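Undergrad: This is data.csv (CSV, C-alpha atoms).
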chain,number,residue,atom,x,y,z
A,1,MET,CA,124.1,50.5,73.8
A,2,SER,CA,120.3,50.5,74.0
A,3,SER,CA,118.2,47.8,72.6
A,4,THR,CA,114.5,47.5,71.8
A,5,THR,CA,112.3,44.5,72.3
A,6,ASP,CA,108.8,44.4,70.6
A,7,VAL,CA,106.4,42.0,72.2
A,8,GLN,CA,103.1,40.6,70.9
A,9,ASP,CA,100.5,40.4,73.6
A,10,PRO,CA,100.5,37.1,75.3
A,11,GLY,CA,96.8,36.4,74.5
A,12,ALA,CA,97.8,35.9,70.9
A,13,GLY,CA,100.2,33.1,71.9
A,14,ARG,CA,97.5,31.1,73.7
A,15,ASP,CA,94.5,31.7,71.4
A,16,ALA,CA,96.0,32.6,68.0
A,17,GLY,CA,94.3,32.0,64.7
A,18,VAL,CA,90.8,33.4,65.0
A,19,LEU,CA,91.2,35.1,61.6
A,20,GLU,CA,91.9,31.8,59.7
A,21,THR,CA,89.9,29.4,61.9
A,22,ARG,CA,86.8,31.4,62.5
A,23,LEU,CA,86.4,34.2,60.0
A,24,ILE,CA,87.8,33.6,56.5
A,25,GLY,CA,88.0,29.9,55.7
A,26,ILE,CA,91.2,30.5,53.6
A,27,GLY,CA,94.9,30.8,54.5
A,28,HIS,CA,96.3,33.9,56.1
A,29,GLU,CA,98.7,34.5,53.2
A,30,GLU,CA,96.0,34.2,50.6
A,31,PHE,CA,93.8,36.6,52.5
A,32,ALA,CA,96.6,39.1,53.0
A,33,SER,CA,97.6,39.1,49.3
A,34,ASP,CA,94.3,38.7,47.5
A,35,VAL,CA,91.6,40.0,49.8
A,36,TRP,CA,92.7,42.4,52.5
A,37,GLY,CA,91.8,46.0,51.6
A,38,ARG,CA,91.0,44.9,48.0
A,39,THR,CA,87.7,43.0,47.7
A,40,ALA,CA,84.7,41.6,49.6
A,41,LEU,CA,84.8,38.0,50.8
A,42,LEU,CA,81.8,35.8,51.7
A,43,THR,CA,82.5,32.7,53.8
A,44,ARG,CA,79.7,30.2,54.5
A,45,GLY,CA,79.3,28.4,57.8
A,46,VAL,CA,82.9,29.0,58.9
A,47,SER,CA,82.1,29.0,62.7
A,48,ASP,CA,79.5,28.8,65.4
A,49,PHE,CA,79.7,32.1,67.2
A,50,SER,CA,77.3,31.3,70.1
A,51,ASP,CA,80.3,31.4,72.5
A,52,VAL,CA,81.0,35.0,71.4
A,53,PHE,CA,77.5,36.5,71.3
A,54,SER,CA,73.8,35.6,71.4
A,55,ALA,CA,70.2,36.8,71.9
A,56,LYS,CA,70.5,36.0,75.6
A,57,ALA,CA,73.5,38.4,75.7
A,58,VAL,CA,71.4,41.1,74.0
A,59,ASP,CA,68.7,40.8,76.6
A,60,GLU,CA,71.1,40.9,79.5
A,61,LEU,CA,73.0,43.9,78.3
A,62,ILE,CA,69.9,45.9,77.6
A,63,SER,CA,67.8,45.0,80.7
A,64,ARG,CA,70.3,44.1,83.5
A,65,ARG,CA,73.7,45.8,82.9
A,66,GLY,CA,72.6,49.5,83.5
A,67,LEU,CA,74.2,50.5,80.2
A,68,ARG,CA,74.1,54.2,79.3
A,69,THR,CA,74.4,56.0,75.9
A,70,PRO,CA,76.4,55.9,73.7
A,71,PHE,CA,76.7,52.1,74.3
A,72,LEU,CA,73.4,51.8,72.4
A,73,ARG,CA,71.8,53.7,69.6
A,74,VAL,CA,68.5,53.0,67.8
A,75,ALA,CA,67.8,53.3,64.1
A,76,LYS,CA,64.6,53.2,62.0
A,77,GLY,CA,63.9,54.0,58.4
A,78,GLY,CA,67.5,55.0,57.7
A,79,SER,CA,67.7,57.5,60.6
A,80,THR,CA,69.1,57.4,64.1
A,81,LEU,CA,66.5,58.1,66.9
A,82,PRO,CA,67.3,60.7,69.6
A,83,ASP,CA,68.8,59.2,72.8
A,84,SER,CA,66.1,60.9,74.8
A,85,SER,CA,63.5,58.6,73.2
A,86,PHE,CA,64.9,55.5,74.8
A,87,THR,CA,66.7,56.6,78.0
A,88,SER,CA,65.5,57.6,81.5
A,89,PRO,CA,66.6,57.6,85.1
A,90,ALA,CA,66.8,54.2,86.7
A,91,GLY,CA,65.1,54.9,90.1
A,92,VAL,CA,66.4,55.4,93.6
A,93,GLY,CA,70.2,55.3,93.8
A,94,ALA,CA,70.6,55.2,90.0
A,95,THR,CA,69.1,58.5,88.9
A,96,ILE,CA,71.5,59.1,86.0
A,97,ALA,CA,69.2,60.3,83.2
A,98,ASP,CA,70.7,58.5,80.2
A,99,GLN,CA,70.4,54.9,81.3
A,100,LEU,CA,68.7,52.5,78.8
A,101,ASP,CA,65.0,52.2,79.3
A,102,ASP,CA,64.2,48.6,78.5
A,103,THR,CA,60.4,49.3,78.2
A,104,GLU,CA,60.9,52.0,75.6
A,105,LEU,CA,63.5,50.0,73.8
A,106,TRP,CA,61.0,47.0,73.6
A,107,ARG,CA,58.3,49.3,72.2
A,108,LYS,CA,60.6,50.7,69.5
A,109,PHE,CA,62.0,47.2,68.7
A,110,ALA,CA,58.4,45.8,68.3
A,111,ASP,CA,57.7,48.8,66.0
A,112,GLY,CA,60.5,47.9,63.7
A,113,ALA,CA,63.5,49.7,65.0
A,114,THR,CA,67.1,48.3,64.9
A,115,LEU,CA,69.0,48.2,68.2
A,116,VAL,CA,72.7,48.8,67.9
A,117,LEU,CA,74.9,47.8,70.9
A,118,GLN,CA,78.1,49.7,70.5
A,119,ALA,CA,81.6,49.1,71.8
A,120,LEU,CA,80.9,45.6,72.8
A,121,HIS,CA,84.6,45.1,73.1
A,122,ARG,CA,84.2,47.1,76.3
A,123,THR,CA,81.0,45.6,77.7
A,124,TRP,CA,80.9,41.9,76.9
A,125,GLU,CA,83.9,39.8,77.8
A,126,PRO,CA,83.6,37.1,75.1
A,127,VAL,CA,83.5,39.8,72.4
A,128,SER,CA,86.3,41.6,74.1
A,129,SER,CA,88.6,38.6,74.0
A,130,PHE,CA,87.7,37.8,70.4
A,131,SER,CA,88.3,41.4,69.3
A,132,THR,CA,91.7,41.5,71.1
A,133,GLN,CA,92.8,38.3,69.5
A,134,LEU,CA,91.8,39.6,66.0
A,135,SER,CA,93.5,43.0,66.6
A,136,THR,CA,96.7,41.2,67.6
A,137,GLU,CA,96.6,39.1,64.4
A,138,LEU,CA,95.8,41.9,62.1
A,139,GLY,CA,98.0,44.6,63.6
A,140,HIS,CA,95.1,47.1,63.5
A,141,PRO,CA,92.7,48.2,66.3
A,142,VAL,CA,89.3,46.4,66.3
A,143,GLN,CA,86.0,47.5,67.8
A,144,ALA,CA,82.7,45.5,68.0
A,145,ASN,CA,79.1,46.5,67.5
A,146,ALA,CA,76.0,44.3,67.4
A,147,TYR,CA,72.9,45.0,65.2
A,148,ILE,CA,69.6,43.5,66.3
A,149,THR,CA,66.9,43.9,63.6
A,150,PRO,CA,63.2,42.9,63.7
A,151,PRO,CA,61.9,40.7,60.9
A,152,GLN,CA,61.6,42.3,57.5
A,153,ASN,CA,63.2,45.6,58.7
A,154,ARG,CA,66.4,47.4,57.9
A,155,GLY,CA,68.2,49.9,60.1
A,156,PHE,CA,70.3,51.9,57.6
A,157,ASP,CA,70.2,52.9,54.0
A,158,ASP,CA,73.0,52.1,51.5
A,159,HIS,CA,76.3,53.5,52.8
A,160,TYR,CA,80.0,52.8,53.2
A,161,ASP,CA,82.1,52.6,56.3
A,162,ILE,CA,85.5,54.3,56.9
A,163,HIS,CA,86.9,51.1,58.4
A,164,ASP,CA,87.0,47.5,57.2
A,165,VAL,CA,84.4,45.2,58.7
A,166,PHE,CA,83.9,41.5,59.4
A,167,VAL,CA,80.1,40.8,59.6
A,168,LEU,CA,79.4,37.7,61.8
A,169,GLN,CA,75.8,36.4,61.5
A,170,ILE,CA,74.8,35.3,65.0
A,171,GLU,CA,71.1,34.5,64.8
A,172,GLY,CA,68.3,34.7,62.2
A,173,THR,CA,69.0,35.7,58.6
A,174,LYS,CA,69.8,38.9,56.8
A,175,ARG,CA,69.9,39.9,53.2
A,176,TRP,CA,73.0,41.9,52.3
A,177,ILE,CA,73.4,43.9,49.1
A,178,ILE,CA,77.0,44.9,48.3
A,179,HIS,CA,78.2,47.3,45.6
A,180,GLU,CA,81.7,48.3,44.7
A,181,PRO,CA,83.1,51.6,46.1
A,182,VAL,CA,82.5,55.0,44.7
A,183,HIS,CA,85.6,56.2,46.6
A,184,MET,CA,88.4,53.7,47.3
A,185,ASP,CA,90.0,53.5,50.7
A,186,PRO,CA,88.2,56.5,52.4
A,187,LEU,CA,89.9,58.1,55.3
A,188,ARG,CA,88.2,58.8,58.6
A,189,SER,CA,87.6,62.4,57.4
A,190,GLN,CA,85.8,61.2,54.2
A,191,PRO,CA,82.4,59.7,55.4
A,192,TRP,CA,79.8,58.4,53.0
A,193,THR,CA,77.6,61.4,53.6
A,194,ASP,CA,80.1,63.5,51.7
A,195,ARG,CA,79.2,61.4,48.6
A,196,ARG,CA,75.6,60.8,49.3
A,197,SER,CA,74.4,61.3,45.8
A,198,ALA,CA,77.1,59.1,44.3
A,199,VAL,CA,76.3,56.3,46.8
A,200,ALA,CA,72.6,56.5,46.0
A,201,GLU,CA,73.3,56.3,42.3
A,202,ALA,CA,75.7,53.4,42.6
A,203,ALA,CA,73.2,51.5,44.8
A,204,LYS,CA,70.8,51.3,41.8
A,205,GLY,CA,73.3,49.3,39.8
A,206,THR,CA,74.0,45.6,39.7
A,207,ALA,CA,75.1,44.3,43.0
A,208,TYR,CA,78.6,42.8,43.5
A,209,ILE,CA,77.1,40.5,46.1
A,210,ASP,CA,73.4,39.9,46.8
A,211,THR,CA,73.0,37.2,49.4
A,212,VAL,CA,71.3,36.1,52.6
A,213,LEU,CA,73.6,35.5,55.6
A,214,GLU,CA,72.7,32.6,57.9
A,215,PRO,CA,74.2,31.9,61.4
A,216,GLY,CA,77.9,31.0,61.1
A,217,ASP,CA,78.4,33.0,57.8
A,218,VAL,CA,81.0,35.8,57.7
A,219,LEU,CA,81.2,38.7,55.3
A,220,TYR,CA,84.4,40.8,55.0
A,221,LEU,CA,84.1,44.3,53.5
A,222,PRO,CA,87.0,46.7,53.0
A,223,ARG,CA,86.3,50.3,53.8
A,224,GLY,CA,84.5,52.1,51.1
A,225,TRP,CA,82.4,49.1,49.9
A,226,LEU,CA,78.7,50.0,49.7
A,227,HIS,CA,76.2,47.9,51.7
A,228,ALA,CA,72.7,47.7,53.0
A,229,ALA,CA,71.0,44.9,54.9
A,230,GLN,CA,67.5,43.7,55.7
A,231,ALA,CA,66.3,41.1,58.2
A,232,GLN,CA,64.2,38.3,56.7
A,233,GLY,CA,61.6,36.2,58.5
A,234,LYS,CA,63.1,36.2,62.0
A,235,VAL,CA,64.9,38.6,64.3
A,236,SER,CA,68.5,39.0,62.9
A,237,ILE,CA,71.5,39.5,65.2
A,238,HIS,CA,74.9,40.1,63.6
A,239,LEU,CA,78.1,41.2,65.1
A,240,THR,CA,80.3,43.7,63.2
A,241,LEU,CA,84.0,43.8,63.9
A,242,GLY,CA,85.3,47.2,62.7
A,243,VAL,CA,89.0,47.2,61.8
A,244,HIS,CA,90.3,50.8,62.2
A,245,ASN,CA,93.0,50.5,59.6
A,246,TRP,CA,96.4,52.1,59.9
A,247,THR,CA,97.2,53.9,56.7
A,248,ARG,CA,100.3,55.7,55.3
A,249,TYR,CA,98.3,58.9,55.7
A,250,GLY,CA,97.8,58.1,59.4
A,251,LEU,CA,101.6,57.6,59.8
A,252,ALA,CA,102.2,60.9,57.9
A,253,GLU,CA,99.9,62.6,60.4
A,254,HIS,CA,101.9,61.3,63.4
A,255,LEU,CA,105.2,62.1,61.7
A,256,ALA,CA,104.1,65.6,61.1
A,257,GLN,CA,102.9,66.0,64.7
A,258,ALA,CA,106.3,64.8,65.9
A,259,ALA,CA,108.1,67.3,63.6
A,260,LEU,CA,105.9,70.2,64.8
A,261,ALA,CA,106.5,69.3,68.4
A,262,ALA,CA,110.3,69.5,67.7
A,263,LEU,CA,109.9,72.9,66.0
A,264,CYS,CA,108.5,74.3,69.2
A,265,ASP,CA,112.0,74.2,70.5
A,266,ASP,CA,113.4,76.1,67.5
A,267,PRO,CA,113.9,79.8,68.4
A,268,GLU,CA,113.8,80.8,64.7
A,269,MET,CA,110.4,79.1,64.2
A,270,ARG,CA,109.0,80.8,67.3
A,271,ARG,CA,110.1,84.2,66.1
A,272,SER,CA,107.5,86.7,64.9
A,273,LEU,CA,107.3,87.6,61.2
A,274,PRO,CA,108.7,91.1,60.3
A,275,LEU,CA,106.6,94.1,61.2
A,276,GLY,CA,104.2,95.2,58.5
A,277,VAL,CA,104.6,92.0,56.5
A,278,GLU,CA,101.9,91.7,53.9
A,279,GLY,CA,102.1,88.0,53.4
A,280,PRO,CA,104.3,85.0,54.3
A,281,ASP,CA,105.6,84.4,50.8
A,282,GLY,CA,109.1,85.4,51.7
A,283,GLU,CA,109.1,83.1,54.7
A,284,ILE,CA,107.7,80.0,53.1
A,285,ALA,CA,111.0,78.7,51.8
A,286,ALA,CA,112.7,78.9,55.2
A,287,VAL,CA,109.8,77.3,56.9
A,288,ARG,CA,109.6,74.5,54.3
A,289,GLU,CA,113.3,73.8,54.8
A,290,ARG,CA,113.1,73.7,58.6
A,291,LEU,CA,109.9,71.5,58.5
A,292,ALA,CA,111.5,69.1,56.1
A,293,ALA,CA,114.6,68.9,58.3
A,294,ALA,CA,112.4,68.3,61.4
A,295,ILE,CA,110.5,65.5,59.6
A,296,SER,CA,113.7,63.8,58.5
A,297,GLU,CA,115.2,64.1,62.0
A,298,ALA,CA,112.0,63.0,63.9
A,299,ASP,CA,112.4,60.0,66.2
A,300,THR,CA,110.3,57.3,64.4
A,301,THR,CA,111.6,54.4,66.4
A,302,SER,CA,108.5,54.2,68.6
A,303,LEU,CA,106.2,56.6,66.7
A,304,PHE,CA,103.9,53.8,65.5
A,305,HIS,CA,103.9,52.0,68.8
A,306,ARG,CA,103.1,55.2,70.8
A,307,ALA,CA,100.1,55.9,68.5
A,308,ARG,CA,98.9,52.3,68.6
A,309,ARG,CA,99.1,52.2,72.4
A,310,GLY,CA,96.8,55.2,72.5
A,311,GLN,CA,94.2,53.5,70.4
A,312,GLY,CA,93.3,50.7,72.8
A,313,ARG,CA,93.0,49.6,76.4
A,314,PRO,CA,94.7,46.9,78.3
A,315,ALA,CA,92.8,43.8,79.5
A,316,PRO,CA,90.5,44.4,82.5
A,317,LEU,CA,92.1,44.6,86.0
A,318,GLY,CA,90.2,43.6,89.1
A,319,PRO,CA,91.4,45.8,92.0
A,320,VAL,CA,90.2,43.3,94.7
A,321,ALA,CA,92.0,40.4,93.1
A,322,GLN,CA,95.1,42.5,92.5
A,323,LEU,CA,95.3,43.5,96.1
A,324,ALA,CA,94.8,39.9,97.2
A,325,ALA,CA,97.6,38.8,95.0
A,326,LEU,CA,99.9,41.4,96.6
A,327,GLU,CA,98.9,40.3,100.1
A,328,ARG,CA,99.7,36.6,99.5
A,329,LEU,CA,102.7,37.2,97.2
A,330,GLY,CA,105.5,34.7,97.8
A,331,PRO,CA,108.2,32.9,95.8
A,332,ALA,CA,105.7,30.3,94.4
A,333,SER,CA,103.1,32.9,93.3
A,334,LEU,CA,102.4,32.6,89.6
A,335,VAL,CA,102.1,35.8,87.6
A,336,ARG,CA,102.0,36.8,83.9
A,337,LEU,CA,102.0,40.0,81.8
A,338,ARG,CA,98.6,41.7,81.6
A,339,ASP,CA,97.0,41.2,78.2
A,340,ALA,CA,96.8,43.9,75.6
A,341,LEU,CA,99.4,46.1,77.1
A,342,GLU,CA,101.3,46.7,73.9
A,343,PRO,CA,104.6,46.4,75.8
A,344,ARG,CA,107.9,47.7,74.4
A,345,LEU,CA,111.3,47.5,76.1
A,346,GLU,CA,113.6,50.3,74.9
A,347,GLY,CA,116.9,50.1,76.7
A,348,SER,CA,116.0,50.0,80.4
A,349,ARG,CA,112.5,51.5,80.0
A,350,LEU,CA,109.4,49.4,79.6
A,351,THR,CA,106.5,51.4,78.0
A,352,THR,CA,103.0,50.1,78.1
A,353,ARG,CA,99.4,51.3,77.8
A,354,VAL,CA,99.4,51.9,81.6
A,355,GLY,CA,102.6,54.0,81.6
A,356,TRP,CA,106.4,53.5,81.7
A,357,LEU,CA,108.9,52.1,84.2
A,358,ASP,CA,112.7,52.3,84.3
A,359,PHE,CA,114.7,49.3,85.6
A,360,PRO,CA,118.2,48.8,86.9
A,361,GLU,CA,120.4,46.6,84.8
A,362,THR,CA,120.1,43.8,87.2
A,363,HIS,CA,116.3,43.5,86.6
A,364,LEU,CA,116.4,43.6,82.8
A,365,PRO,CA,116.8,39.8,82.3
A,366,SER,CA,113.7,39.2,84.4
A,367,VAL,CA,111.8,41.9,82.5
A,368,ARG,CA,112.7,40.3,79.2
A,369,LEU,CA,111.6,37.0,80.5
A,370,LEU,CA,108.2,38.1,81.5
A,371,LEU,CA,107.6,39.7,78.1
A,372,ASP,CA,107.2,36.2,76.6
A,373,GLY,CA,103.7,36.3,77.9
A,374,LYS,CA,103.9,33.0,79.8
A,375,ASP,CA,103.2,32.2,83.4
A,376,HIS,CA,106.1,32.6,85.7
A,377,PRO,CA,106.7,31.9,89.4
A,378,ALA,CA,107.7,35.0,91.3
A,379,THR,CA,111.0,33.4,92.3
A,380,ASP,CA,112.1,33.3,88.7
A,381,LEU,CA,111.6,37.0,88.3
A,382,GLY,CA,112.4,38.2,91.8
A,383,VAL,CA,109.7,38.8,94.4
A,384,GLU,CA,110.7,42.5,94.7
A,385,LEU,CA,110.3,43.1,91.0
A,386,VAL,CA,107.0,41.2,90.9
A,387,GLU,CA,105.6,43.3,93.7
A,388,ARG,CA,106.5,46.5,91.9
A,389,LEU,CA,104.9,45.3,88.6
A,390,LEU,CA,101.7,44.1,90.4
A,391,ARG,CA,101.4,47.5,92.0
A,392,ALA,CA,101.9,49.1,88.6
A,393,GLY,CA,99.2,47.0,87.0
A,394,VAL,CA,101.7,45.4,84.5
A,395,LEU,CA,101.6,41.9,86.0
A,396,VAL,CA,98.4,40.0,87.1
A,397,PRO,CA,98.1,36.9,89.2
A,398,VAL,CA,97.5,33.5,87.5
A,399,GLU,CA,94.5,31.8,89.0
A,400,GLN,CA,95.4,28.4,90.5
So that I can check it, write out the structure of this file as structure tokens.
TA:
Amino acid sequence: MSSTTDVQDPGAGRDAGVLETRLIGIGHEEFASDVWGRTALLTRGVSDFSDVFSAKAVDELISRRGLRTPFLRVAKGGSTLPDSSFTSPAGVGATIADQLDDTELWRKFADGATLVLQALHRTWEPVSSFSTQLSTELGHPVQANAYITPPQNRGFDDHYDIHDVFVLQIEGTKRWIIHEPVHMDPLRSQPWTDRRSAVAEAAKGTAYIDTVLEPGDVLYLPRGWLHAAQAQGKVSIHLTLGVHNWTRYGLAEHLAQAALAALCDDPEMRRSLPLGVEGPDGEIAAVRERLAAAISEADTTSLFHRARRGQGRPAPLGPVAQLAALERLGPASLVRLRDALEPRLEGSRLTTRVGWLDFPETHLPSVRLLLDGKDHPATDLGVELVERLLRAGVLVPVEQ
């Protein structure tokens, strides 16, 4: 008999609670029942975010990290500027043409342009850790962008996003004007530009929220809520955590894909339509019947988990440190499961974001043990098993 073990990432067990303690100022249950996906929420002074992001981080990322597009975009007057206007080769040994040009970026920033640092969950470790914790708590993927706006300027006109957002004011102040949706719960295929005129008309009406965010304030907006923002008397830096919501429609897409994959093995479905057929009307009933059967018979046990694994990346892995851990591996070596792997043990197979591994029955108790996310000495798991999992990038050494 096979069994399935679902495991939350171990990072959640050590640093749980960023939603309640640092973003919303109300209980998890109240947020889930009254706010999530339903309405905007403004929370004042809930947290100091200087440990997550700062102006110093902005300057380092732009001037010293060798970032390339699309890790940054630039907006002014409601439009996004072409990448070529702020990128260039970086000199001898770094001649890739699309690296950020800090001089050009300075000139555009001084002229009123907003700098948008994208995918900070990949380029700035404190943001990455915070985003990973939030994603684990919400059960939805999270990305992070930062918006750096000069005084008295705005980067984008009124619009809505196709994902939920938490806006964290880092430095300076910014006025936010929020209006209720013109299209509730938009899918990723339904951007605001498809309803540009309706958005512009709604933005003329009475605002649902019209407020100035100060450092430590957080604004939660469900997807579809209209918003525009303008910096006040100083440079404004805010971090936007975008929650890429799972929806029933998204599950339906994955279920349909699983059914279609199964139908590839059905000889009747691969058969050509009759010669000279003028239309498929006579075949639709048979196709509908087989498609419905394929959907009902599709293996949904790990459907959600397979899709979710594909939407994120595991925690960073240092190749030098990993090799050193292998070379000094002994019974007393401490190891733990790598963070953000989305591990799932189905029978004797462990599936993660870095692949899958099959285990003999004798190793399964140790595999289940390490899935608790805690630190374990190699002797408790078996040195041979630990070596295999270190080489696979599933386990990482614990610094001592």
Undergrad: To one decimal in Å, tell me the separation between CA of Leu134 in chain A and CA of Val398 in chain A.
TA: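 One can read the CA of Leu134 in chain A to CA of Val398 in chain A distance as 23.1 Å.
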Undergrad: Which of these, A:Leu341, A:Ser333, A:Val386, A:Phe109, has the shortest distance to Glu399 in chain A once you count only C-alpha atoms?
TA: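 Closest candidate: A:Ser333.
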Undergrad: Any idea what the distance is between CA of Leu371 in chain A and CA of Leu19 in chain A?
TA: 23.7 Å
Undergrad: CA of Ala332 in chain A and CA of Gly373 in chain A, how far apart in Å?
TA: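 The value is 17.7 Å.
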Undergrad: Taking the point (73.3, 37.8, 50.9) as given in the file, collect each protein or nucleic acid residue that comes within 12 Å of it, counting only C-alpha atoms, and present the set as a VMD selection string.
TA: chain A and resid 41 to 44 167 169 173 to 179 207 to 214 217 to 219 227 to 232
Undergrad: Would you tabulate, counting only C-alpha atoms, all residues of range 143-257 of chain A that have an atom at most 8 Å from an atom of range 61-78 of chain A, showing the closest pair of atoms and their distance in Å to one decimal, sorted by chain then ascending number, as a tab-separated table?
TA:
residue	atom	partner	partner_atom	distance
A:Arg154	CA	A:Gly77	CA	7.1
A:Gly155	CA	A:Lys76	CA	5.2
A:Phe156	CA	A:Gly78	CA	4.2
A:Asp157	CA	A:Gly78	CA	5.0
Undergrad: Write out as a list in words the residues lying within 10 Å of Arg188 in chain A, counting only C-alpha atoms and excluding same-chain residues fewer than 5 positions away.
TA: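 Surrounding residues, per the criterion: Asp161, Ile162, His163, Arg223, His244, Asn245 and Gly250 of chain A.
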Undergrad: A:Ile237, A:His305, A:Ala259, A:Arg328: which is nearest Glu346 in chain A, counting all atoms listed in the file?
TA: A:His305
Undergrad: Measuring atom to atom with all atoms listed in the file, identify which of A:Ser348, A:Arg353, A:Ile96, A:Trp246 is nearest to Pro365 in chain A.
TA: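 Of A:Ser348, A:Arg353, A:Ile96, A:Trp246, the one nearest Pro365 in chain A, counting all atoms listed in the file, is A:Ser348.
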Undergrad: Between A:Leu385, A:Pro314, A:Asp98, A:Pro331, single out the one closest to Asp358 in chain A, counting only C-alpha atoms.
TA: A:Leu385
Undergrad: Go through A:Glu171, A:Val199, A:Thr240, A:Val18 and flag the residue nearest Gln118 in chain A, using all atoms listed in the file for the distances.
TA: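 The shortest atom-to-atom distance to Gln118 in chain A comes from A:Thr240.
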Undergrad: Counting only C-alpha atoms, find residues at most 10 Å from (97.8, 40.9, 93.7) (file frame) and give them as a PyMOL selection string.
TA: chain A and resi 318-329+333+335+386-387+389-391+393+395-398
Undergrad: Determine the nearest neighbour of Asp51 in chain A from the options A:Ile295, A:Val116, A:Ile170, A:Leu255, counting only C-alpha atoms.
TA: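 With only C-alpha atoms as the atom set, the closest residue is A:Ile170.
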Undergrad: Near Val287 in chain A, within 12 Å and counting only C-alpha atoms, which residues show up once chain neighbours fewer than 2 positions away are dropped, as a list in words?
TA: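 Counting only the stated atoms, we get Leu260, Leu263, Asp266, Glu268, Met269, Arg270, Arg271, Leu273, Pro280, Asp281, Gly282, Glu283, Ile284, Ala285, Glu289, Arg290, Leu291, Ala292, Ala293 and Ala294 of chain A.
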Undergrad: Would you write out those residues with C-alpha atoms, as an mmCIF file, keeping the file's coordinate frame?
TA:
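Once written, out.cif looks like this:
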data_model
loop_
_atom_site.group_PDB
_atom_site.id
_atom_site.type_symbol
_atom_site.label_atom_id
_atom_site.label_comp_id
_atom_site.auth_asym_id
_atom_site.auth_seq_id
_atom_site.Cartn_x
_atom_site.Cartn_y
_atom_site.Cartn_z
ATOM 1 C CA LEU A 260 105.900 70.200 64.800
ATOM 2 C CA LEU A 263 109.900 72.900 66.000
ATOM 3 C CA ASP A 266 113.400 76.100 67.500
ATOM 4 C CA GLU A 268 113.800 80.800 64.700
ATOM 5 C CA MET A 269 110.400 79.100 64.200
ATOM 6 C CA ARG A 270 109.000 80.800 67.300
ATOM 7 C CA ARG A 271 110.100 84.200 66.100
ATOM 8 C CA LEU A 273 107.300 87.600 61.200
ATOM 9 C CA PRO A 280 104.300 85.000 54.300
ATOM 10 C CA ASP A 281 105.600 84.400 50.800
ATOM 11 C CA GLY A 282 109.100 85.400 51.700
ATOM 12 C CA GLU A 283 109.100 83.100 54.700
ATOM 13 C CA ILE A 284 107.700 80.000 53.100
ATOM 14 C CA ALA A 285 111.000 78.700 51.800
ATOM 15 C CA GLU A 289 113.300 73.800 54.800
ATOM 16 C CA ARG A 290 113.100 73.700 58.600
ATOM 17 C CA LEU A 291 109.900 71.500 58.500
ATOM 18 C CA ALA A 292 111.500 69.100 56.100
ATOM 19 C CA ALA A 293 114.600 68.900 58.300
ATOM 20 C CA ALA A 294 112.400 68.300 61.400
#
